[in-house]
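S.K.: Input structure: work_2.cif, which contains mmCIF, C-alpha atoms.
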```
data_work
#
loop_
_atom_site.label_atom_id
_atom_site.label_comp_id
_atom_site.auth_asym_id
_atom_site.auth_seq_id
_atom_site.Cartn_x
_atom_site.Cartn_y
_atom_site.Cartn_z
CA MET A 1 5.60 27.84 -42.59
CA ASN A 2 7.50 30.76 -41.18
CA ARG A 3 9.92 30.22 -38.42
CA LYS A 4 12.31 32.35 -36.52
CA TYR A 5 16.01 31.85 -36.94
CA GLU A 6 19.12 33.44 -35.64
CA LEU A 7 22.07 33.77 -37.90
CA VAL A 8 25.48 34.73 -36.63
CA TYR A 9 28.39 35.08 -38.98
CA VAL A 10 32.00 35.97 -38.43
CA VAL A 11 33.63 38.07 -41.11
CA SER A 12 37.36 37.99 -41.58
CA PRO A 13 39.21 40.99 -40.11
CA GLU A 14 40.72 41.78 -43.51
CA ALA A 15 37.32 42.54 -44.97
CA SER A 16 36.44 46.23 -45.06
CA ASP A 17 33.36 47.76 -43.51
CA GLU A 18 31.85 48.13 -46.98
CA GLN A 19 32.21 44.42 -47.51
CA VAL A 20 30.38 43.76 -44.25
CA THR A 21 27.51 46.06 -45.18
CA GLU A 22 27.44 44.62 -48.67
CA LEU A 23 27.14 41.15 -47.22
CA HIS A 24 24.27 42.36 -45.09
CA THR A 25 22.42 43.81 -48.08
CA GLN A 26 23.07 40.61 -49.97
CA ILE A 27 21.45 38.59 -47.19
CA GLU A 28 18.63 41.09 -46.99
CA SER A 29 17.86 40.73 -50.68
CA THR A 30 17.87 36.94 -50.42
CA VAL A 31 15.53 37.14 -47.48
CA GLN A 32 13.18 39.45 -49.35
CA LYS A 33 13.28 37.32 -52.46
CA MET A 34 12.03 34.34 -50.53
CA ASN A 35 9.42 36.38 -48.60
CA GLY A 36 11.03 36.45 -45.24
CA GLN A 37 11.83 39.45 -43.12
CA ILE A 38 14.77 40.51 -41.03
CA GLU A 39 13.62 41.25 -37.55
CA LYS A 40 16.82 42.53 -36.06
CA THR A 41 20.42 43.10 -37.02
CA GLU A 42 23.18 43.51 -34.52
CA ASN A 43 26.78 44.21 -35.27
CA TRP A 44 28.94 43.11 -32.37
CA GLY A 45 31.97 44.65 -33.96
CA ARG A 46 35.43 43.22 -33.94
CA ARG A 47 36.08 40.60 -31.32
CA LYS A 48 38.96 38.38 -30.47
CA LEU A 49 38.38 34.78 -31.47
CA ALA A 50 38.71 32.15 -28.78
CA TYR A 51 40.92 30.13 -31.10
CA GLU A 52 42.59 30.76 -34.41
CA ILE A 53 40.58 30.03 -37.50
CA GLY A 54 42.94 29.75 -40.43
CA ARG A 55 45.50 32.27 -39.16
CA HIS A 56 42.77 34.72 -38.14
CA LYS A 57 42.79 35.89 -34.55
CA GLU A 58 39.96 38.38 -34.76
CA GLY A 59 36.66 38.62 -36.51
CA THR A 60 33.66 40.89 -36.99
CA TYR A 61 30.52 39.31 -35.59
CA VAL A 62 27.11 40.08 -37.05
CA LEU A 63 23.83 38.73 -35.72
CA GLU A 64 20.61 38.68 -37.74
CA VAL A 65 17.23 37.51 -36.54
CA ILE A 66 15.27 36.30 -39.55
CA ASN A 67 11.69 35.20 -40.02
CA GLY A 68 11.43 32.78 -42.87
CA THR A 69 11.21 29.26 -44.15
CA GLY A 70 13.72 26.48 -43.86
CA ASP A 71 14.48 26.76 -47.57
CA LEU A 72 15.47 30.37 -47.11
CA MET A 73 17.90 29.51 -44.36
CA LYS A 74 19.29 26.71 -46.46
CA GLU A 75 19.91 29.16 -49.26
CA ILE A 76 21.61 31.66 -46.95
CA ASP A 77 23.68 28.89 -45.44
CA ARG A 78 24.80 27.79 -48.89
CA ARG A 79 25.73 31.32 -49.88
CA LEU A 80 27.69 31.98 -46.73
CA LYS A 81 29.63 28.79 -47.26
CA VAL A 82 30.72 30.03 -50.66
CA ILE A 83 31.86 33.51 -49.59
CA ASP A 84 35.44 33.13 -48.47
CA TYR A 85 35.71 36.15 -46.19
CA VAL A 86 33.02 34.72 -43.94
CA ILE A 87 35.08 32.55 -41.67
CA ARG A 88 32.31 31.08 -39.52
CA HIS A 89 28.55 31.13 -39.49
CA LEU A 90 25.81 29.53 -37.46
CA VAL A 91 22.08 29.24 -38.03
CA VAL A 92 19.89 28.39 -35.05
CA ARG A 93 16.13 28.06 -34.95
CA VAL A 94 14.84 29.96 -31.95
CA ASP A 95 11.04 30.18 -32.08
CA GLU A 96 10.30 26.96 -30.19
CA GLU A 97 12.82 27.67 -27.48
CA GLN A 98 11.47 31.20 -27.05
CA GLY A 99 7.94 29.85 -26.73
CA VAL A 100 9.01 27.46 -24.01
CA VAL A 101 10.83 30.22 -22.15
CA GLU A 102 7.82 32.50 -22.30
CA ARG A 103 5.45 29.81 -21.12
CA THR A 104 7.61 28.90 -18.14
CA LYS A 105 7.90 32.56 -17.22
CA VAL A 106 4.16 33.06 -17.37
CA ARG A 107 3.56 29.87 -15.41
CA ARG A 108 6.00 30.91 -12.74
CA THR A 109 4.51 34.34 -12.21
CA ASP A 110 1.03 32.82 -12.20
CA THR A 111 1.81 30.28 -9.52
CA SER A 112 3.64 32.78 -7.37
CA ARG A 113 0.74 35.19 -7.63
CA ARG A 114 -1.78 32.51 -6.81
CA ARG A 115 0.20 31.41 -3.79
CA ARG A 116 0.62 34.94 -2.58
CA VAL A 117 -3.10 35.59 -2.88
CA ALA A 118 -3.81 32.35 -1.04
CA ARG A 119 -1.58 33.58 1.76
CA GLY A 120 -3.55 36.80 1.85
CA LEU A 121 -0.83 38.97 0.33
CA PRO A 122 -1.02 41.32 -2.63
CA PRO A 123 -0.22 39.41 -5.84
CA ASP A 124 2.99 41.26 -6.57
CA ARG A 125 6.07 41.50 -4.47
CA GLN A 126 6.24 44.78 -2.60
CA PRO A 127 9.50 46.69 -2.44
CA GLY A 128 11.52 45.91 0.66
CA GLU A 129 9.65 42.70 1.28
CA GLY A 130 10.94 39.24 1.95
CA GLN A 131 14.03 37.99 3.58
CA ARG A 132 17.27 37.98 1.78
CA GLY A 133 20.07 36.08 3.46
CA ASP A 134 23.56 37.33 4.07
CA PRO A 135 24.32 39.10 0.78
CA ASP A 136 27.89 37.94 0.44
CA ASP A 137 26.99 34.43 1.47
CA ASP A 138 25.07 34.21 -1.74
CA ARG A 139 27.34 32.83 -4.38
CA ASP A 140 30.69 32.25 -2.74
CA ASP A 141 30.85 28.52 -3.02
CA ARG A 142 28.84 28.00 -6.12
CA PHE A 143 31.82 26.99 -8.18
CA ASP A 144 33.99 25.65 -5.43
CA MET A 145 35.70 22.52 -6.50
CA GLY A 146 34.44 19.54 -4.58
CA GLU A 147 36.96 17.63 -2.58
CA GLU A 148 36.36 14.59 -4.70
CA LEU A 149 38.56 16.16 -7.36
CA ARG A 150 41.62 16.67 -5.25
CA MET B 1 38.39 38.77 6.35
CA ASN B 2 38.98 36.24 9.09
CA GLY B 3 35.63 36.98 10.68
CA ARG B 4 33.26 36.45 7.83
CA LYS B 5 35.27 34.61 5.27
CA SER B 6 36.19 31.80 7.62
CA PHE B 7 32.55 30.87 7.76
CA GLY B 8 32.27 30.04 4.09
CA GLY B 9 35.80 28.79 3.57
CA GLY B 10 35.79 27.03 6.93
CA GLY B 11 33.16 24.61 5.69
CA GLY B 12 35.52 23.18 3.14
CA GLY B 13 38.42 23.21 5.57
CA ARG B 14 36.42 21.41 8.16
CA GLY B 15 35.35 18.84 5.66
CA LYS B 16 38.93 18.16 4.75
CA SER B 17 40.09 17.80 8.32
CA ALA B 18 37.16 15.53 9.01
CA THR B 19 38.23 13.16 6.25
CA GLY B 20 41.77 13.26 7.59
CA GLN B 21 40.59 12.31 11.04
CA GLN B 22 38.44 9.61 9.65
CA GLY B 23 41.48 7.87 8.27
CA LYS B 24 43.35 8.21 11.55
CA ASP B 25 41.09 6.82 14.17
CA GLY B 26 38.07 5.66 12.22
CA GLN B 27 35.88 8.21 13.91
CA ARG B 28 33.02 9.37 11.74
CA ARG B 29 32.13 12.95 12.04
CA PRO B 30 29.30 14.33 9.97
CA MET B 31 30.86 16.36 7.20
CA PHE B 32 29.28 19.66 6.47
CA ARG B 33 28.94 20.52 2.87
CA ARG B 34 26.46 23.02 1.69
CA ARG B 35 23.85 21.63 -0.62
CA LYS B 36 24.58 22.79 -4.13
CA VAL B 37 21.76 24.40 -6.01
CA CYS B 38 21.28 24.88 -9.69
CA LYS B 39 22.30 28.42 -10.56
CA PHE B 40 19.73 28.67 -13.31
CA CYS B 41 16.87 27.43 -11.16
CA SER B 42 17.66 29.71 -8.24
CA ASP B 43 18.32 32.78 -10.37
CA LYS B 44 15.32 31.96 -12.59
CA ILE B 45 17.30 32.16 -15.80
CA ASP B 46 15.12 30.48 -18.38
CA ASP B 47 17.03 30.71 -21.58
CA ILE B 48 20.64 29.71 -21.63
CA ASN B 49 21.88 31.56 -24.63
CA TYR B 50 25.02 30.83 -26.60
CA LYS B 51 25.58 34.55 -27.19
CA ASP B 52 25.91 35.36 -23.52
CA VAL B 53 29.55 34.45 -23.03
CA ARG B 54 29.73 36.14 -19.65
CA MET B 55 27.15 33.73 -18.32
CA LEU B 56 28.77 30.65 -19.83
CA MET B 57 32.33 31.35 -18.76
CA PRO B 58 32.02 30.11 -15.15
CA PHE B 59 30.99 26.74 -16.56
CA VAL B 60 34.08 26.30 -18.68
CA PRO B 61 37.07 26.36 -16.32
CA GLU B 62 40.72 26.70 -17.42
CA ARG B 63 40.93 23.72 -19.69
CA ALA B 64 37.74 24.91 -21.37
CA LYS B 65 35.91 21.70 -20.62
CA VAL B 66 32.28 21.76 -19.55
CA LEU B 67 32.08 21.84 -15.76
CA PRO B 68 30.41 18.62 -14.62
CA ARG B 69 27.13 18.64 -12.82
CA ARG B 70 28.53 17.08 -9.67
CA ILE B 71 30.67 20.15 -9.15
CA SER B 72 28.50 22.99 -10.34
CA GLY B 73 25.28 21.51 -8.97
CA THR B 74 23.34 22.42 -12.10
CA CYS B 75 20.16 20.41 -12.59
CA ALA B 76 19.89 17.96 -15.45
CA LEU B 77 17.62 20.12 -17.57
CA HIS B 78 19.79 23.17 -17.32
CA GLN B 79 23.02 21.24 -17.74
CA ARG B 80 21.65 19.93 -21.03
CA LYS B 81 20.76 23.43 -22.20
CA LEU B 82 24.08 24.73 -21.00
CA ARG B 83 25.88 22.08 -22.99
CA THR B 84 24.17 23.00 -26.25
CA ALA B 85 24.83 26.67 -25.57
CA ILE B 86 28.51 25.99 -24.95
CA MET B 87 28.79 23.88 -28.07
CA ARG B 88 27.23 26.62 -30.17
CA ALA B 89 29.45 29.27 -28.66
CA ARG B 90 32.45 27.09 -29.43
CA GLN B 91 31.49 26.87 -33.06
CA LEU B 92 31.51 30.62 -33.28
CA ALA B 93 34.87 30.88 -31.51
CA LEU B 94 33.29 32.71 -28.58
CA ILE B 95 34.55 30.00 -26.23
CA PRO B 96 37.62 27.84 -26.86
CA TYR B 97 37.37 24.10 -27.44
CA THR B 98 40.51 23.62 -25.46
CA THR B 99 43.49 25.52 -24.17
CA GLU B 100 46.98 24.36 -24.89
#
```
For the structure just supplied, provide its representation as structure tokens.
M.R.:
Amino acid sequence: MNRKYELVYVVSPEASDEQVTELHTQIESTVQKMNGQIEKTENWGRRKLAYEIGRHKEGTYVLEVINGTGDLMKEIDRRLKVIDYVIRHLVVRVDEEQGVVERTKVRRTDTSRRRRVARGLPPDRQPGEGQRGDPDDDRDDRFDMGEELR
Amino acid sequence: MNGRKSFGGGGGGRGKSATGQQGKDGQRRPMFRRRKVCKFCSDKIDDINYKDVRMLMPFVPERAKVLPRRISGTCALHQRKLRTAIMRARQLALIPYTTE
């Protein structure tokens, strides 16, 4: 049963670039060994951490999108726990959530199209159509504190 | 500034003065407060992703706590998703747990 997972790990700033790439190849080989595949790899580069993790103030973030089984992710998780220059990692399963998102998107466009056709309009929104309120009225008080707090 | 801005800001100001008056002479004046709408419903943002820190930041004000629904106006479904996203982002040190 193949599922889609997202793996993000934070490598300590002391680790060299070679170590980061080596870690990536290590993960790749584990993935291949357990017949999964890496769909996408993204290196976010060095970022400031929101809080200190064991004296570290920065970290290199790497994101991998992996297709594979739960056992594979368990194995990767175990390995990342052991490696001491990985200061944080997170595995999230994303396939179900993505499916839900896609379905709602499709449903929304479908209903809007149907309604537009029922109103005798072309199914898609034409450029320069529709009323848009005062543009700077849009989001000014979205995060205003309510008076109940003061 | 005084022309346009007073419209939006004036709502809050008026509300405040109305409550003040209420205490003084017991007169009830209807308070105008704009109905809050869920940002994610109105902007049609379906997936609230923990990686998108820019999107999450408005919902974690200074003390880095999750902004409650009664203030942000987020609907229950999206507040729930937002919460998980914030918790994940916190684990990865993208968002602080707290500020000192």
S.K.: Show me, as an MDAnalysis selection string, every residue of chain B with an atom at most 8 Å from chain A, counting all atoms listed in the file.
M.R.: chainID B and resid 8 16 36:37 39 46:47 58 71:73 88 91:97
S.K.: With the file shown as input, list the residues that the PyMOL selection byres ((chain A and resi 34-43) around 8) selects, as a list of chain:residue names.
M.R.: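 Output of the PyMOL selection byres ((chain A and resi 34-43) around 8): A:Asn2, A:Glu28, A:Thr30, A:Val31, A:Gln32, A:Lys33, A:Trp44, A:Gly45, A:Thr60, A:Tyr61, A:Val62, A:Leu63, A:Glu64, A:Val65, A:Ile66, A:Asn67, A:Gly68, A:Thr69, A:Leu72.
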S.K.: Counting all atoms listed in the file, what is within 10 Å of Val60 of chain B, bar same-chain residues fewer than 4 positions away, as a CSV table (one decimal) with C-alpha atoms, in the coordinates of the input?
M.R.:
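This is the output file around11.csv:
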```
chain,number,residue,atom,x,y,z
B,56,LEU,CA,28.8,30.6,-19.8
B,64,ALA,CA,37.7,24.9,-21.4
B,65,LYS,CA,35.9,21.7,-20.6
B,66,VAL,CA,32.3,21.8,-19.6
B,67,LEU,CA,32.1,21.8,-15.8
B,68,PRO,CA,30.4,18.6,-14.6
B,86,ILE,CA,28.5,26.0,-25.0
B,95,ILE,CA,34.6,30.0,-26.2
B,96,PRO,CA,37.6,27.8,-26.9
B,97,TYR,CA,37.4,24.1,-27.4
B,98,THR,CA,40.5,23.6,-25.5
```
S.K.: For a test of reading the model, state the distance in Å between atom CA of Val94 of chain A and atom CA of Glu6 of chain A, rounded to one decimal.
M.R.: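 Calculated distance between atom CA of Val94 of chain A and atom CA of Glu6 of chain A is 6.6 Å.
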S.K.: To one decimal place, how far is atom CA of Arg125 of chain A from atom CA of Arg103 of chain A in Å?
M.R.: 20.4 Å
S.K.: Give me the residues near Asp52 of chain B as a ChimeraX atom specification, where near means some atom within 10 Å (using only C-alpha atoms) and where sequence neighbours in that chain fewer than 2 positions away do not count.
M.R.: /B:48-50,54-57,85-86,89,94
S.K.: From the list A:Lys4, A:Asp124, A:Val86, A:Met73, which residue is nearest Val20 of chain A when using all atoms listed in the file?
M.R.: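 For Val20 of chain A, the nearest of the given residues is A:Val86.
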S.K.: Can you tell me how far atom CA of Asp84 of chain A sits from atom CA of Glu100 of chain B, in Å to one decimal?
M.R.: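 Spanning atom CA of Asp84 of chain A to atom CA of Glu100 of chain B is a straight-line distance of 27.7 Å.
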